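Enquirer: Encoded as structure tokens, here's the structure I'll be asking about.
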Amino acid sequence: MSAPSPRVLTLSVLLLTGVAGIAIACGPDFPWQLLDRREVTLAETPANPFAWEAAHLVPAPTDTMKAVENRWATDDTRAKLRTDAETAGLPADAPALIGALRAAGNGDKAYALGEKLPAAVRLYTAAAVDYKAGRLDQAAARFQAILDLPAADGAPRAVWAAYMLGRVAAKRDQADAAVAAFAKARALAEGGAPDPLGLGVASLGEEARIRLAQAGLSLVTTAETDDDTVAGSLPATLRLEATGPLNVPALAQAVALYAQQAAHDSYQGVASLNIIANHLLNNDDLLDATVTDPLLQQLLAIHVLAFEDDRRRLHVLHTANDPAPYTPHLVWLSSALHMAHIGEPDGPVPAATDRLAALAYRRGDYESAARLAAMKPGPLASWVLAKLALQKGDLTQAAKFYAEASAAFPTTGDGPLPAAKRNRLVGESGVVALARGEYVAALDQLMPMADTYWGDVVHIAERVLTVDELKAYVDAKVPASVVAGWTQTVDNKQWPNTLLDTMGVGYKYDEEADRLRYQGAPLGLRSLLARRLMRAGRGKEALAYYHNPAVAKDARAYLDARDDAGNAWWAASRARAWFQAAQLARTKGMEIMGTEGVPDEAALQGAYDAGIGQTTLPPAGAPYVTDGERKRFADSAPQPDQRFHYRFIATDAAEHAADQLPHTSQAYAATLCWAVTYAQDQRIATWTDDPATIEDPYWQSVVRRIIERDRQAQGRVAALYQRYLKTGPYQPWAAHFGRACPAPDFDAAAKEWWRAPARQAHHWTRQNHREALIGGAAVLAVLVAGTALLLVRRRRSPSAKGVS
């Protein structure tokens, strides 16, 4: 598949050429890259997503309860979820009957209408009608009646009834009764009673509200509904308000309950913890009072780590026009910790030393960070120690601590940190290996994370390793047998969520991470090697690494054409081969020889000229870039080092074809015409011809680069066209030279080598008749004299007399 036309790509090129930063983040089209700004990547504070941390504040649950939530639910979707749960397993007429009961407006009327329903369903529906009408005594009596039924009869609504008894008690400010009812709902759910609405998990949040009230706080919303289930999401306007003096133990109880809810994969639990942490961090008195409680201390630490950032400390990312936002929570929490002497040599031992070590590192207190990280070994602590070693420029120690942190993770699933963070941790260790000049080791460390860091893998494999190093690595680690059973799993129907490359692999959008992840890295690396071998003039070796048979066939045809172009006996045959090579380079060049990263961007189908890999290396003196990498980067550049470099190769090949042909032939004109077409394909338009009108220096440099590229392409087009005008024959189709080119007639051109001299001689004879007669007579005389001399010598020869 050939790359898109430059005319189609104009806008994308303008918007995205040369984009770089801590990570390329212009929408989901580009994946995360660690090598774009290495000094920032390696200086960033390790931090986990708040939702993951919130779900791991307490030990993982051992029960089978599930949260049933939809954070984007509407009233209609919530009602449908309840209706589906209410009518599951009932006769076909049950939905209409239950609907009639709920519309009765009175529990007694509803109960009377429900004779055909099972006892528990009948009682629950009537109780729900009473609850909605504010008849709490009647509702509570019927909910309790369900629990009093024989276990088998009451089971379908037992969890529901216990949960609603808790809500009734909460409305009556009967905290102990409410807590007991919610505990009963969970016990029933854990015992196997049906819980299609996830009310067992929801009861944790309801009980937490009671503890919040006891703590002197209340969750308030302007859009709360009072349905008889809580299958929906938390209202968007939910907030905390103080209702009395703060009771820290009660608040800790509430947080523990919300943490249990979050551990059951509840978005409501995570959202509630977020609201509580924000409230505490925004109130100095509350922060000072709660920072000493172990669980609250952990909550505050994970919140600041997740939602504050490094931008003020890592000011290199920002300009005067993009100042780093003020992030006071880090300052306020640090002050509260200091006032309580937490983590200090003479103070209380922190509840989360590794998180506090990361906080100390973020605020630039490296001495405290080192002391805290040394208190309790673990992956996050070792990660912080690696960062501190990098601060000192000690790459050896940094590599050691990265290895310790990586070793603390299990081989599968989440360990003491999320699996996604293990990818980042190992990725950073790969950056350190690259900075130490351990180029093959850097690739080896990044390959297992290639789905996330494919751009970094590409940079090392394509521009840092030598061809022989890459080939040896692929042969040892990614042999053909490894990918032989690989099957295509990427769904390309959701365009643009998936971008497939010509190998049948590509990027798939990860909604949770909001980025593209590379699919099929083993195939991708072998294909990258094949194309790199082809660019290095080792095409015969390359053929074994193309996974797609069609691409391998095109590559073989290209090699055969180049071989014939150099070795064919007849000039017309050489011209035909050069032209075939030109066509294949232009139409199949991306697949045969295109760079996976910059400048061709085969990984992105050539849609951009930046995004995967590195456009340039940091300037001299930048940290974490060796002189060896700079030399290797320069040596491995495609020739020419231009976007769609194979189009330049196609232009050269088409002109080489013309070099082999008589200037009077149609094929000579046609091959030059195609050379012009390919040269025009190298042009890129911009939105302005005057870079001085652009204020931003970066975009000004981008436009200057595009204009220079276009100027060079225009010059090539003009030179080729002038060559045709000066040396080529008139052709009727030449009025559209370079836009509508015919197929070259190489057979006619072969004959032209013999016909052209004869035509020239005939034309000269007609124009110079007297000189032609004299010349002819002279030639005839020479021939007669030569014949006579030959005969004389033959008579004198001994063999002519029969001597044997």
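Identifiers in the structure tokens: chain A, B, ... in order shown; residue index from 1 per chain; ligand index from 1 in order shown.
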Which residues are close to Lys392 of chain A, i.e. within 12 Å by only C-alpha atoms, leaving aside same-chain residues fewer than 6 positions away? Reply as a short mmCIF file (atom, residue, chain, number, x, y, z; two decimals) with C-alpha atoms, in the first residue's frame.
Expert:
data_model
loop_
_atom_site.label_atom_id
_atom_site.label_comp_id
_atom_site.auth_asym_id
_atom_site.auth_seq_id
_atom_site.Cartn_x
_atom_site.Cartn_y
_atom_site.Cartn_z
CA ALA A 43 12.95 13.33 36.66
CA TYR A 366 15.80 14.89 48.33
CA LEU A 385 15.99 5.88 45.05
CA ALA A 386 16.65 5.40 41.32
CA ALA A 398 20.10 4.19 39.13
#
Enquirer: Which residues come within 10 Å of Val676 of chain A, counting only C-alpha atoms, excluding same-chain residues fewer than 6 positions away, as a list in words?
Expert: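 Once the nearby chain positions are removed, what remains is Thr651, Ala654, Glu655, Ala670, Ala713, Gln714, Arg716, Val717, Ala718, Ala719, Leu720, Tyr721, Phe737, Gly738, Arg739 and Cys741 of chain A.
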Enquirer: Can you work out which one of A:Pro46, A:His303, A:Phe648, A:Asp689 has the shortest atom-to-atom distance to Ser382 of chain A, counting only C-alpha atoms?
Expert: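 The closest residue to Ser382 of chain A is A:Pro46.
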Enquirer: With distances taken over only C-alpha atoms, which residue among A:Leu417, A:Ala139, A:Leu523, A:Leu380 lies nearest Phe401 of chain A?
Expert: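 Nearest to Phe401 of chain A: A:Leu380.
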Enquirer: Measuring atom to atom with only C-alpha atoms, identify which of A:Asn106, A:Thr41, A:Thr87, A:Gln639 is nearest to Gly594 of chain A.
Expert: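 Looking only at the distances to Gly594 of chain A, the closest residue turns out to be A:Gln639.
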Enquirer: Of the candidates A:Phe633, A:Tyr646, A:Trp578, A:Tyr111, which shows the shortest atom-to-atom distance to Met534 of chain A, using only C-alpha atoms?
Expert: A:Tyr646
Enquirer: Would you list the contacts of segment 617-624 of chain A as a ChimeraX atom specification, taking every protein, DNA or RNA residue within 10 Å and counting only C-alpha atoms, but skipping same-chain residues closer than 4 positions in sequence?
Expert: /A:35-39,42,390,393,395,431-437,629-630,633-634
